[in-house]
Every structure is written in C-alpha cells, then in structure tokens.
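Asks: Next up is a structure, given as structure tokens.
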Amino acid sequence: MLNMPALRRLARSLRRLGRTHYPRFVFGGGLRPDEVPVFIYHDVVREEFRADLEFLQRNGYRCLRTEEYPAMQHTGGAGGRVVLLTFDDAVQNFHDVALPLLREFAAPATLFVPTFWMRGARRDPDTAAVNAAERAAFMSWDDLRDCLSSTLVDVQPHGHRHALVHTSARTAGFATPELLARHHLFDWPMRREGGRDILGRPPLGTPIYEAHPLLGAGRRVLEDEATARACREYVAAEGGAAFFDRPDWEARLGALLGGRRRPASGMREIPAVEFRALMVSEYEAASELFERELGVRPHYLAYPWQLGSALSLELARAAGIKAVFGVGIDHRRTQRLRGPPPAAARIKGEWLRFLPGRGRRRLREVIPEKIRGFTRSQHLAH
C-alpha cells in the first residue's frame, strides 16, 4: 500500500505527464515545416543507439551542431530534415558507447556536463560529495577533452551541482535501504552538514523533505542538522539496515522529527540574497571549470530536470548563455518566453524512431513498455 509521501510523488508525476508535450510525429503524424526535434539521452544501449543513428541516416536526417539550432528553432531546416541530439550528465557511458558511434556515423551531438561531478575536479570549498566513489560513474576532464577533439561533440554545462534543494518542511521520506537502491544519485536533495553543502546519497535514516531543482526553485529551506543527525544515529544504534525491517520504523523516526504537528521545528529558510548567491555560483563555477579545464567559455545550458525559474534565466543571460534547453514538460513555457536567452524543450531519445521515415515505430507497439517505465520512475522528493 502507498503511504502519503508516495501518493504525493505519484500525483506530481501524473501532473507532469499531463503537462508534457509530445509532438504529433509520436502519434504517427508528420513534422511541421518549422519543426526541429531535439532529443535527450542519458545512458545508451549500443545496439539501440546504433539503430537510432541508422534510422536517421537511412531517412536523410542531418544532426545539427549546437550553434546551428537557435537560428533554426522557429524556422525549421530550410526544407531538409534536421534534428539535434543532446546527452545529459556526462556519464562514462557516453565516452565508452555513444562517442564511438557518433564518430562512426559522423553525427554531431551536444553533451551537457554537471561540472561538480566530473572525475578529477578540484575540491570545492563549499560543497562535498558524501561518497567520493560516486564520481566513478562520470567522465573525467580528459574524456571531455577527447570529446572536443573529435570535432563532433560540443561540450556545454548542465549546471554545476545538478542539485535539488529542500523547499518545504514537509517530509518526503527517509533514506532507507530500498530507496537508496531505487533512486538515482541526483534524486537526493543537497543538505547542510557542519556548515557545508553535501551532495549524493545520504546515510541511512536521513530525513528527506520536499525539494525542487536548485535552478528552478524560489527558495531553500535548511533542515535541522541536529535532528537529522539524531535520526541517523538512532538507525545505526538500532541495527542499521535491519532497523527498516521493523513494521513501526517510520513511526519511530517520525517521532524524532517532532511528529506531524511540528514538522518545521528547527528548519529555516535562507535569506534571499544568500539564495541568489547560490544560484549565481552555479553559473560561475561551471564557467570557471570550463575555461580552466577545456579552454572554452560555455554558451548553452541544459537545465537539470526542467527549465529554470525567471531568476535563473536572468542569471543565465548575465553569464553569457545564448540558449537554454529544458524537457517536454517545458514546451508551453518555451513558446511563451521571448528571451534572451531563447529556450527549447526536448523529448527523450526513445521517441526518435517515431519520426517520419522508413522503419518508423508506432505508438501501439510500445504503450505497455511506456506504462511500466512510468510506474518505475517516480521521483523521491520533487
């Protein structure tokens, strides 16, 4: 049976699904004359991504370079078939699997990098990863330089921390063995410990509050460090992972938070000027690392999760960003924005072979698969 936090997560996901834009080619239609589809990938399976590239080649689609896209965003491909391929997170899978295939097919793509997580990054005095080994899944700066030298891959920022921040005192859950195994590294909100911001998977028992992507949030609420520490210590003293086998484990931890009547005890919202400085640091840190490690200044940005707030877009423009990218849920918003910077929504790469052409897929073939994927991908705190 779903508890209240799980029900709230499901409701949020259903609302997102209802707001997400799927272009008409997904339903078997054609492309509009002014349409330039933008696809987003994370990890890829070699055979599946090869099939995508073969489909594009067979049907006369040209892959754009990042700098070509803004001029075509509302005018289309001047009579030709064009797409933009983008990859988020700069995981090692891109360098080992996607890059060789892009080279084989001479297909340009854009790689968006969360600079904090790159292997070999210099220590950040204000932010730390709870477990340094979690960087092992990401590319190194040498890998990124290899991408640039290919002349096919444009490397651009995906923010710096790729962080969620707590925005409410309402509990979304606790760090349990099951949730730690199920949820991605990025699904755990940034938290404050000993005056520093900590990213990554938290220790067992850590309370998790409702959160929002940093670059889209309007505020940040800091958890009570003493209460969080008490929860973790209690779990450790009561058997660690085995504690969560008890039927009343959630009630026990909830009592340490003060119960439902006082969920906000010890929590505080940071001042607006401090929150703005945190946002500014996302652009400044990414730009500094790009210039120092890659010798280039970034001009495009993909927002983690969804398009950023009005303040975030203002700061992006001030940082010299020429265009920003979101996801399908942002489609209607991108139509209303009048920039700068211009904004674009992206859809998942799994829809690429629904484009018009020989061998296109049909929606009826994948509906059960999509439903199963949706039920397995509920966010933890946002």
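Each chain of the structure tokens is named A, B, ... in the order shown, its residues numbered from 1; ligands are numbered from 1 in display order.
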Name the residues of stretch 44-191 of chain A that come out as helix (DSSP H, G or I) in a backbone DSSP run; write them as a PDB file with N, CA, C and O atoms, in the first residue's frame.

Replies:
```
ATOM      1  N   ARG A  46      24.197   0.214 -26.741  1.00  0.00           N
ATOM      2  CA  ARG A  46      24.904   0.298 -28.019  1.00  0.00           C
ATOM      3  C   ARG A  46      24.004  -0.051 -29.215  1.00  0.00           C
ATOM      4  O   ARG A  46      23.927   0.711 -30.183  1.00  0.00           O
ATOM      5  N   GLU A  47      23.316  -1.180 -29.149  1.00  0.00           N
ATOM      6  CA  GLU A  47      22.508  -1.612 -30.287  1.00  0.00           C
ATOM      7  C   GLU A  47      21.338  -0.660 -30.539  1.00  0.00           C
ATOM      8  O   GLU A  47      20.983  -0.392 -31.700  1.00  0.00           O
ATOM      9  N   GLU A  48      20.745  -0.145 -29.449  1.00  0.00           N
ATOM     10  CA  GLU A  48      19.614   0.770 -29.605  1.00  0.00           C
ATOM     11  C   GLU A  48      20.056   2.102 -30.203  1.00  0.00           C
ATOM     12  O   GLU A  48      19.388   2.645 -31.096  1.00  0.00           O
ATOM     13  N   PHE A  49      21.174   2.641 -29.721  1.00  0.00           N
ATOM     14  CA  PHE A  49      21.621   3.928 -30.251  1.00  0.00           C
ATOM     15  C   PHE A  49      22.118   3.779 -31.687  1.00  0.00           C
ATOM     16  O   PHE A  49      21.911   4.670 -32.520  1.00  0.00           O
ATOM     17  N   ARG A  50      22.778   2.655 -32.003  1.00  0.00           N
ATOM     18  CA  ARG A  50      23.161   2.419 -33.389  1.00  0.00           C
ATOM     19  C   ARG A  50      21.923   2.411 -34.288  1.00  0.00           C
ATOM     20  O   ARG A  50      21.939   2.989 -35.387  1.00  0.00           O
ATOM     21  N   ALA A  51      20.858   1.763 -33.831  1.00  0.00           N
ATOM     22  CA  ALA A  51      19.628   1.727 -34.623  1.00  0.00           C
ATOM     23  C   ALA A  51      19.053   3.128 -34.831  1.00  0.00           C
ATOM     24  O   ALA A  51      18.516   3.437 -35.902  1.00  0.00           O
ATOM     25  N   ASP A  52      19.163   3.996 -33.818  1.00  0.00           N
ATOM     26  CA  ASP A  52      18.711   5.382 -33.975  1.00  0.00           C
ATOM     27  C   ASP A  52      19.503   6.093 -35.069  1.00  0.00           C
ATOM     28  O   ASP A  52      18.936   6.779 -35.934  1.00  0.00           O
ATOM     29  N   LEU A  53      20.824   5.954 -35.018  1.00  0.00           N
ATOM     30  CA  LEU A  53      21.672   6.632 -35.995  1.00  0.00           C
ATOM     31  C   LEU A  53      21.457   6.061 -37.397  1.00  0.00           C
ATOM     32  O   LEU A  53      21.477   6.810 -38.395  1.00  0.00           O
ATOM     33  N   GLU A  54      21.258   4.760 -37.491  1.00  0.00           N
ATOM     34  CA  GLU A  54      20.965   4.154 -38.793  1.00  0.00           C
ATOM     35  C   GLU A  54      19.643   4.666 -39.343  1.00  0.00           C
ATOM     36  O   GLU A  54      19.507   4.920 -40.551  1.00  0.00           O
ATOM     37  N   PHE A  55      18.647   4.823 -38.461  1.00  0.00           N
ATOM     38  CA  PHE A  55      17.347   5.354 -38.879  1.00  0.00           C
ATOM     39  C   PHE A  55      17.513   6.768 -39.440  1.00  0.00           C
ATOM     40  O   PHE A  55      16.959   7.094 -40.503  1.00  0.00           O
ATOM     41  N   LEU A  56      18.249   7.613 -38.736  1.00  0.00           N
ATOM     42  CA  LEU A  56      18.459   8.984 -39.202  1.00  0.00           C
ATOM     43  C   LEU A  56      19.169   8.987 -40.550  1.00  0.00           C
ATOM     44  O   LEU A  56      18.785   9.723 -41.474  1.00  0.00           O
ATOM     45  N   GLN A  57      20.213   8.183 -40.675  1.00  0.00           N
ATOM     46  CA  GLN A  57      20.981   8.134 -41.922  1.00  0.00           C
ATOM     47  C   GLN A  57      20.119   7.630 -43.069  1.00  0.00           C
ATOM     48  O   GLN A  57      20.124   8.197 -44.179  1.00  0.00           O
ATOM     49  N   ARG A  58      19.377   6.563 -42.829  1.00  0.00           N
ATOM     50  CA  ARG A  58      18.551   5.941 -43.872  1.00  0.00           C
ATOM     51  C   ARG A  58      17.475   6.894 -44.384  1.00  0.00           C
ATOM     52  O   ARG A  58      17.115   6.858 -45.571  1.00  0.00           O
ATOM     53  N   THR A  66      25.269  22.472 -32.018  1.00  0.00           N
ATOM     54  CA  THR A  66      24.523  23.313 -31.078  1.00  0.00           C
ATOM     55  C   THR A  66      24.320  24.723 -31.616  1.00  0.00           C
ATOM     56  O   THR A  66      23.220  25.283 -31.533  1.00  0.00           O
ATOM     57  N   GLU A  67      25.381  25.306 -32.177  1.00  0.00           N
ATOM     58  CA  GLU A  67      25.287  26.705 -32.609  1.00  0.00           C
ATOM     59  C   GLU A  67      24.345  26.893 -33.789  1.00  0.00           C
ATOM     60  O   GLU A  67      23.895  28.010 -34.063  1.00  0.00           O
ATOM     61  N   GLU A  68      24.027  25.791 -34.499  1.00  0.00           N
ATOM     62  CA  GLU A  68      23.087  25.898 -35.618  1.00  0.00           C
ATOM     63  C   GLU A  68      21.643  25.969 -35.147  1.00  0.00           C
ATOM     64  O   GLU A  68      20.781  26.497 -35.855  1.00  0.00           O
ATOM     65  N   TYR A  69      21.380  25.419 -33.954  1.00  0.00           N
ATOM     66  CA  TYR A  69      19.993  25.231 -33.548  1.00  0.00           C
ATOM     67  C   TYR A  69      19.218  26.531 -33.329  1.00  0.00           C
ATOM     68  O   TYR A  69      18.084  26.650 -33.823  1.00  0.00           O
ATOM     69  N   PRO A  70      19.750  27.529 -32.586  1.00  0.00           N
ATOM     70  CA  PRO A  70      18.922  28.715 -32.318  1.00  0.00           C
ATOM     71  C   PRO A  70      18.356  29.375 -33.562  1.00  0.00           C
ATOM     72  O   PRO A  70      17.196  29.817 -33.566  1.00  0.00           O
ATOM     73  N   ALA A  71      19.125  29.432 -34.651  1.00  0.00           N
ATOM     74  CA  ALA A  71      18.633  30.077 -35.864  1.00  0.00           C
ATOM     75  C   ALA A  71      17.527  29.275 -36.527  1.00  0.00           C
ATOM     76  O   ALA A  71      16.687  29.831 -37.248  1.00  0.00           O
ATOM     77  N   MET A  72      17.511  27.965 -36.299  1.00  0.00           N
ATOM     78  CA  MET A  72      16.505  27.104 -36.929  1.00  0.00           C
ATOM     79  C   MET A  72      15.330  26.802 -36.020  1.00  0.00           C
ATOM     80  O   MET A  72      14.360  26.169 -36.451  1.00  0.00           O
ATOM     81  N   GLN A  92      30.111   8.010 -17.890  1.00  0.00           N
ATOM     82  CA  GLN A  92      31.154   7.311 -18.637  1.00  0.00           C
ATOM     83  C   GLN A  92      30.591   6.577 -19.845  1.00  0.00           C
ATOM     84  O   GLN A  92      31.277   6.384 -20.853  1.00  0.00           O
ATOM     85  N   ASN A  93      29.334   6.179 -19.766  1.00  0.00           N
ATOM     86  CA  ASN A  93      28.665   5.504 -20.874  1.00  0.00           C
ATOM     87  C   ASN A  93      28.739   6.318 -22.162  1.00  0.00           C
ATOM     88  O   ASN A  93      28.854   5.757 -23.258  1.00  0.00           O
ATOM     89  N   PHE A  94      28.686   7.649 -22.052  1.00  0.00           N
ATOM     90  CA  PHE A  94      28.754   8.470 -23.267  1.00  0.00           C
ATOM     91  C   PHE A  94      30.100   8.279 -23.963  1.00  0.00           C
ATOM     92  O   PHE A  94      30.170   8.061 -25.177  1.00  0.00           O
ATOM     93  N   HIS A  95      31.185   8.368 -23.196  1.00  0.00           N
ATOM     94  CA  HIS A  95      32.518   8.252 -23.786  1.00  0.00           C
ATOM     95  C   HIS A  95      32.767   6.849 -24.332  1.00  0.00           C
ATOM     96  O   HIS A  95      33.380   6.685 -25.399  1.00  0.00           O
ATOM     97  N   ASP A  96      32.272   5.829 -23.628  1.00  0.00           N
ATOM     98  CA  ASP A  96      32.584   4.449 -23.994  1.00  0.00           C
ATOM     99  C   ASP A  96      31.665   3.884 -25.064  1.00  0.00           C
ATOM    100  O   ASP A  96      32.083   3.013 -25.840  1.00  0.00           O
ATOM    101  N   VAL A  97      30.418   4.357 -25.113  1.00  0.00           N
ATOM    102  CA  VAL A  97      29.428   3.764 -26.016  1.00  0.00           C
ATOM    103  C   VAL A  97      28.959   4.752 -27.087  1.00  0.00           C
ATOM    104  O   VAL A  97      29.011   4.458 -28.285  1.00  0.00           O
ATOM    105  N   ALA A  98      28.490   5.927 -26.672  1.00  0.00           N
ATOM    106  CA  ALA A  98      27.902   6.863 -27.634  1.00  0.00           C
ATOM    107  C   ALA A  98      28.945   7.495 -28.541  1.00  0.00           C
ATOM    108  O   ALA A  98      28.747   7.597 -29.762  1.00  0.00           O
ATOM    109  N   LEU A  99      30.065   7.939 -27.973  1.00  0.00           N
ATOM    110  CA  LEU A  99      31.068   8.656 -28.773  1.00  0.00           C
ATOM    111  C   LEU A  99      31.593   7.815 -29.937  1.00  0.00           C
ATOM    112  O   LEU A  99      31.685   8.332 -31.069  1.00  0.00           O
ATOM    113  N   PRO A 100      31.975   6.556 -29.736  1.00  0.00           N
ATOM    114  CA  PRO A 100      32.436   5.767 -30.898  1.00  0.00           C
ATOM    115  C   PRO A 100      31.386   5.672 -32.005  1.00  0.00           C
ATOM    116  O   PRO A 100      31.730   5.695 -33.198  1.00  0.00           O
ATOM    117  N   LEU A 101      30.108   5.576 -31.639  1.00  0.00           N
ATOM    118  CA  LEU A 101      29.058   5.502 -32.652  1.00  0.00           C
ATOM    119  C   LEU A 101      28.860   6.841 -33.352  1.00  0.00           C
ATOM    120  O   LEU A 101      28.626   6.889 -34.572  1.00  0.00           O
ATOM    121  N   LEU A 102      28.955   7.930 -32.615  1.00  0.00           N
ATOM    122  CA  LEU A 102      28.867   9.248 -33.250  1.00  0.00           C
ATOM    123  C   LEU A 102      30.001   9.424 -34.262  1.00  0.00           C
ATOM    124  O   LEU A 102      29.800   9.971 -35.351  1.00  0.00           O
ATOM    125  N   ARG A 103      31.192   8.940 -33.883  1.00  0.00           N
ATOM    126  CA  ARG A 103      32.320   9.002 -34.821  1.00  0.00           C
ATOM    127  C   ARG A 103      32.060   8.139 -36.054  1.00  0.00           C
ATOM    128  O   ARG A 103      32.327   8.547 -37.196  1.00  0.00           O
ATOM    129  N   GLU A 104      31.541   6.937 -35.851  1.00  0.00           N
ATOM    130  CA  GLU A 104      31.278   6.030 -36.970  1.00  0.00           C
ATOM    131  C   GLU A 104      30.296   6.632 -37.965  1.00  0.00           C
ATOM    132  O   GLU A 104      30.460   6.491 -39.194  1.00  0.00           O
ATOM    133  N   PHE A 105      29.272   7.312 -37.457  1.00  0.00           N
ATOM    134  CA  PHE A 105      28.245   7.877 -38.330  1.00  0.00           C
ATOM    135  C   PHE A 105      28.492   9.359 -38.650  1.00  0.00           C
ATOM    136  O   PHE A 105      27.681   9.979 -39.321  1.00  0.00           O
ATOM    137  N   THR A 115      29.418  20.028 -13.884  1.00  0.00           N
ATOM    138  CA  THR A 115      30.866  20.136 -13.695  1.00  0.00           C
ATOM    139  C   THR A 115      31.345  19.638 -12.338  1.00  0.00           C
ATOM    140  O   THR A 115      32.470  19.128 -12.230  1.00  0.00           O
ATOM    141  N   PHE A 116      30.560  19.763 -11.290  1.00  0.00           N
ATOM    142  CA  PHE A 116      30.979  19.309  -9.961  1.00  0.00           C
ATOM    143  C   PHE A 116      31.324  17.827  -9.965  1.00  0.00           C
ATOM    144  O   PHE A 116      32.224  17.385  -9.247  1.00  0.00           O
ATOM    145  N   TRP A 117      30.613  17.042 -10.781  1.00  0.00           N
ATOM    146  CA  TRP A 117      30.708  15.584 -10.705  1.00  0.00           C
ATOM    147  C   TRP A 117      31.793  14.994 -11.593  1.00  0.00           C
ATOM    148  O   TRP A 117      32.032  13.784 -11.545  1.00  0.00           O
ATOM    149  N   ALA A 132      33.040   9.929  -2.288  1.00  0.00           N
ATOM    150  CA  ALA A 132      33.839  10.284  -3.458  1.00  0.00           C
ATOM    151  C   ALA A 132      33.730   9.241  -4.562  1.00  0.00           C
ATOM    152  O   ALA A 132      33.873   9.558  -5.751  1.00  0.00           O
ATOM    153  N   ALA A 133      33.445   7.984  -4.204  1.00  0.00           N
ATOM    154  CA  ALA A 133      33.335   6.918  -5.206  1.00  0.00           C
ATOM    155  C   ALA A 133      32.157   7.151  -6.152  1.00  0.00           C
ATOM    156  O   ALA A 133      32.120   6.567  -7.246  1.00  0.00           O
ATOM    157  N   GLU A 134      31.202   7.991  -5.758  1.00  0.00           N
ATOM    158  CA  GLU A 134      30.042   8.220  -6.615  1.00  0.00           C
ATOM    159  C   GLU A 134      30.432   8.952  -7.901  1.00  0.00           C
ATOM    160  O   GLU A 134      29.690   8.933  -8.880  1.00  0.00           O
ATOM    161  N   ARG A 135      31.607   9.587  -7.915  1.00  0.00           N
ATOM    162  CA  ARG A 135      32.074  10.240  -9.145  1.00  0.00           C
ATOM    163  C   ARG A 135      32.543   9.226 -10.189  1.00  0.00           C
ATOM    164  O   ARG A 135      32.763   9.575 -11.347  1.00  0.00           O
ATOM    165  N   ALA A 136      32.719   7.968  -9.788  1.00  0.00           N
ATOM    166  CA  ALA A 136      33.268   6.966 -10.703  1.00  0.00           C
ATOM    167  C   ALA A 136      32.394   6.755 -11.935  1.00  0.00           C
ATOM    168  O   ALA A 136      32.877   6.319 -12.982  1.00  0.00           O
ATOM    169  N   ALA A 137      31.101   7.036 -11.824  1.00  0.00           N
ATOM    170  CA  ALA A 137      30.191   6.816 -12.952  1.00  0.00           C
ATOM    171  C   ALA A 137      30.302   7.909 -14.009  1.00  0.00           C
ATOM    172  O   ALA A 137      29.749   7.765 -15.104  1.00  0.00           O
ATOM    173  N   TRP A 141      37.840  14.894 -16.939  1.00  0.00           N
ATOM    174  CA  TRP A 141      38.106  16.051 -17.795  1.00  0.00           C
ATOM    175  C   TRP A 141      38.907  15.641 -19.027  1.00  0.00           C
ATOM    176  O   TRP A 141      38.738  16.221 -20.106  1.00  0.00           O
ATOM    177  N   ASP A 142      39.768  14.629 -18.911  1.00  0.00           N
ATOM    178  CA  ASP A 142      40.470  14.113 -20.091  1.00  0.00           C
ATOM    179  C   ASP A 142      39.480  13.534 -21.094  1.00  0.00           C
ATOM    180  O   ASP A 142      39.632  13.713 -22.314  1.00  0.00           O
ATOM    181  N   ASP A 143      38.464  12.833 -20.611  1.00  0.00           N
ATOM    182  CA  ASP A 143      37.427  12.303 -21.505  1.00  0.00           C
ATOM    183  C   ASP A 143      36.716  13.439 -22.233  1.00  0.00           C
ATOM    184  O   ASP A 143      36.413  13.328 -23.434  1.00  0.00           O
ATOM    185  N   LEU A 144      36.438  14.512 -21.513  1.00  0.00           N
ATOM    186  CA  LEU A 144      35.755  15.645 -22.138  1.00  0.00           C
ATOM    187  C   LEU A 144      36.637  16.312 -23.187  1.00  0.00           C
ATOM    188  O   LEU A 144      36.154  16.736 -24.249  1.00  0.00           O
ATOM    189  N   ARG A 145      37.936  16.387 -22.911  1.00  0.00           N
ATOM    190  CA  ARG A 145      38.843  16.941 -23.911  1.00  0.00           C
ATOM    191  C   ARG A 145      38.885  16.052 -25.157  1.00  0.00           C
ATOM    192  O   ARG A 145      38.983  16.552 -26.292  1.00  0.00           O
ATOM    193  N   ASP A 146      38.786  14.740 -24.954  1.00  0.00           N
ATOM    194  CA  ASP A 146      38.721  13.810 -26.082  1.00  0.00           C
ATOM    195  C   ASP A 146      37.468  14.062 -26.911  1.00  0.00           C
ATOM    196  O   ASP A 146      37.502  14.019 -28.151  1.00  0.00           O
ATOM    197  N   CYS A 147      36.351  14.337 -26.239  1.00  0.00           N
ATOM    198  CA  CYS A 147      35.107  14.653 -26.951  1.00  0.00           C
ATOM    199  C   CYS A 147      35.268  15.902 -27.821  1.00  0.00           C
ATOM    200  O   CYS A 147      34.870  15.924 -28.990  1.00  0.00           O
ATOM    201  N   LEU A 148      35.866  16.935 -27.253  1.00  0.00           N
ATOM    202  CA  LEU A 148      36.062  18.172 -28.015  1.00  0.00           C
ATOM    203  C   LEU A 148      36.974  17.951 -29.212  1.00  0.00           C
ATOM    204  O   LEU A 148      36.751  18.494 -30.296  1.00  0.00           O
ATOM    205  N   SER A 149      38.008  17.144 -29.017  1.00  0.00           N
ATOM    206  CA  SER A 149      38.965  16.917 -30.113  1.00  0.00           C
ATOM    207  C   SER A 149      38.335  16.124 -31.256  1.00  0.00           C
ATOM    208  O   SER A 149      38.857  16.125 -32.373  1.00  0.00           O
ATOM    209  N   PRO A 177      17.205   1.496   2.966  1.00  0.00           N
ATOM    210  CA  PRO A 177      17.943   0.655   2.010  1.00  0.00           C
ATOM    211  C   PRO A 177      17.234   0.532   0.668  1.00  0.00           C
ATOM    212  O   PRO A 177      17.865   0.570  -0.388  1.00  0.00           O
ATOM    213  N   GLU A 178      15.902   0.387   0.722  1.00  0.00           N
ATOM    214  CA  GLU A 178      15.149   0.210  -0.519  1.00  0.00           C
ATOM    215  C   GLU A 178      15.186   1.461  -1.384  1.00  0.00           C
ATOM    216  O   GLU A 178      15.419   1.393  -2.603  1.00  0.00           O
ATOM    217  N   LEU A 179      14.998   2.647  -0.773  1.00  0.00           N
ATOM    218  CA  LEU A 179      15.006   3.879  -1.551  1.00  0.00           C
ATOM    219  C   LEU A 179      16.402   4.234  -2.042  1.00  0.00           C
ATOM    220  O   LEU A 179      16.565   4.758  -3.150  1.00  0.00           O
ATOM    221  N   LEU A 180      17.421   3.960  -1.252  1.00  0.00           N
ATOM    222  CA  LEU A 180      18.795   4.222  -1.684  1.00  0.00           C
ATOM    223  C   LEU A 180      19.152   3.375  -2.896  1.00  0.00           C
ATOM    224  O   LEU A 180      19.891   3.822  -3.784  1.00  0.00           O
ATOM    225  N   ALA A 181      18.630   2.169  -2.944  1.00  0.00           N
ATOM    226  CA  ALA A 181      18.897   1.292  -4.089  1.00  0.00           C
ATOM    227  C   ALA A 181      18.089   1.708  -5.313  1.00  0.00           C
ATOM    228  O   ALA A 181      18.550   1.570  -6.451  1.00  0.00           O
ATOM    229  N   ARG A 182      16.880   2.232  -5.090  1.00  0.00           N
ATOM    230  CA  ARG A 182      15.987   2.513  -6.210  1.00  0.00           C
ATOM    231  C   ARG A 182      16.259   3.859  -6.868  1.00  0.00           C
ATOM    232  O   ARG A 182      16.144   3.997  -8.092  1.00  0.00           O
ATOM    233  N   LEU A 185      21.426   8.856  -7.888  1.00  0.00           N
ATOM    234  CA  LEU A 185      22.270   9.773  -7.127  1.00  0.00           C
ATOM    235  C   LEU A 185      21.694  11.187  -7.078  1.00  0.00           C
ATOM    236  O   LEU A 185      21.688  11.848  -6.026  1.00  0.00           O
ATOM    237  N   PHE A 186      21.206  11.678  -8.219  1.00  0.00           N
ATOM    238  CA  PHE A 186      20.717  13.060  -8.305  1.00  0.00           C
ATOM    239  C   PHE A 186      19.346  13.252  -7.665  1.00  0.00           C
ATOM    240  O   PHE A 186      18.872  14.377  -7.557  1.00  0.00           O
ATOM    241  N   ASP A 187      18.703  12.182  -7.277  1.00  0.00           N
ATOM    242  CA  ASP A 187      17.350  12.293  -6.724  1.00  0.00           C
ATOM    243  C   ASP A 187      17.369  12.639  -5.235  1.00  0.00           C
ATOM    244  O   ASP A 187      16.307  12.843  -4.646  1.00  0.00           O
TER     245      ASP A 187
END
```

Asks: Report as a list in words all protein, DNA and RNA residues lying within 6 Å of stretch 165-171 of chain A, evaluated on only C-alpha atoms, omitting residues in the same chain fewer than 4 positions from it.

Replies: Pro189, Met190, Ile208, Tyr209, Glu210, Ala211, His212, Leu214, Arg220, Val221 and Ala264 of chain A

Asks: Between atom CA of A:Thr86 and atom CA of A:Pro304, what is the distance, to one decimal in Å?

Replies: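 Separation between atom CA of A:Thr86 and atom CA of A:Pro304: 12.9 Å.
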
Asks: Just give me the gap between atom CA of A:Lys322 and atom CA of A:Trp305 in Å, one decimal is fine.

Replies: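 Computing it gives 19.4 Å between the two atoms.
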
Asks: One number please: atom CA of A:Pro247 to atom CA of A:Trp188, in Å, one decimal.

Replies: 24.2 Å

Asks: When you look at A:Met139 with a cut-off of 6 Å (counting only C-alpha atoms), what residues show up, excluding the ones that are within fewer than 5 positions of it in the same chain? I need them as number ranges by chain.

Replies: A: 90-92, 118

Asks: Hey, what's within 12 Å of A:Ala230 if we count only C-alpha atoms and toss same-chain stuff fewer than 2 positions away? As a count of residues only, please?

Replies: 23

Asks: Quick one: residues within 12 Å of A:Ala251, only C-alpha atoms counted, chain neighbours fewer than 5 positions away excluded, as a list in words?

Replies: Gly173, Phe174, Cys231, Phe244, Arg246, Leu256, Leu257, Gly258, Gly259 and Arg260 of chain A

Asks: Please produce an output containing C-alpha atoms for each residue in the selection, written as a PDB file, in the first residue's frame.

Replies:
```pdb
ATOM      1  CA  GLY A 173      10.583  10.139   3.280  1.00  0.00           C
ATOM      2  CA  PHE A 174      13.755   8.797   4.864  1.00  0.00           C
ATOM      3  CA  CYS A 231      17.756  10.110  13.103  1.00  0.00           C
ATOM      4  CA  PHE A 244      13.882  -0.943   8.497  1.00  0.00           C
ATOM      5  CA  ARG A 246      10.513  -3.345  11.804  1.00  0.00           C
ATOM      6  CA  LEU A 256      12.268  12.122  16.335  1.00  0.00           C
ATOM      7  CA  LEU A 257      11.141  14.787  13.864  1.00  0.00           C
ATOM      8  CA  GLY A 258       8.592  16.064  16.354  1.00  0.00           C
ATOM      9  CA  GLY A 259       5.527  14.391  14.865  1.00  0.00           C
ATOM     10  CA  ARG A 260       3.089  15.718  12.303  1.00  0.00           C
TER      11      ARG A 260
END
```

Asks: Which residues in stretch 93-129 of chain A does DSSP call strand (DSSP E)? List them as a ChimeraX atom specification.

Replies: /A:109-113,127-129
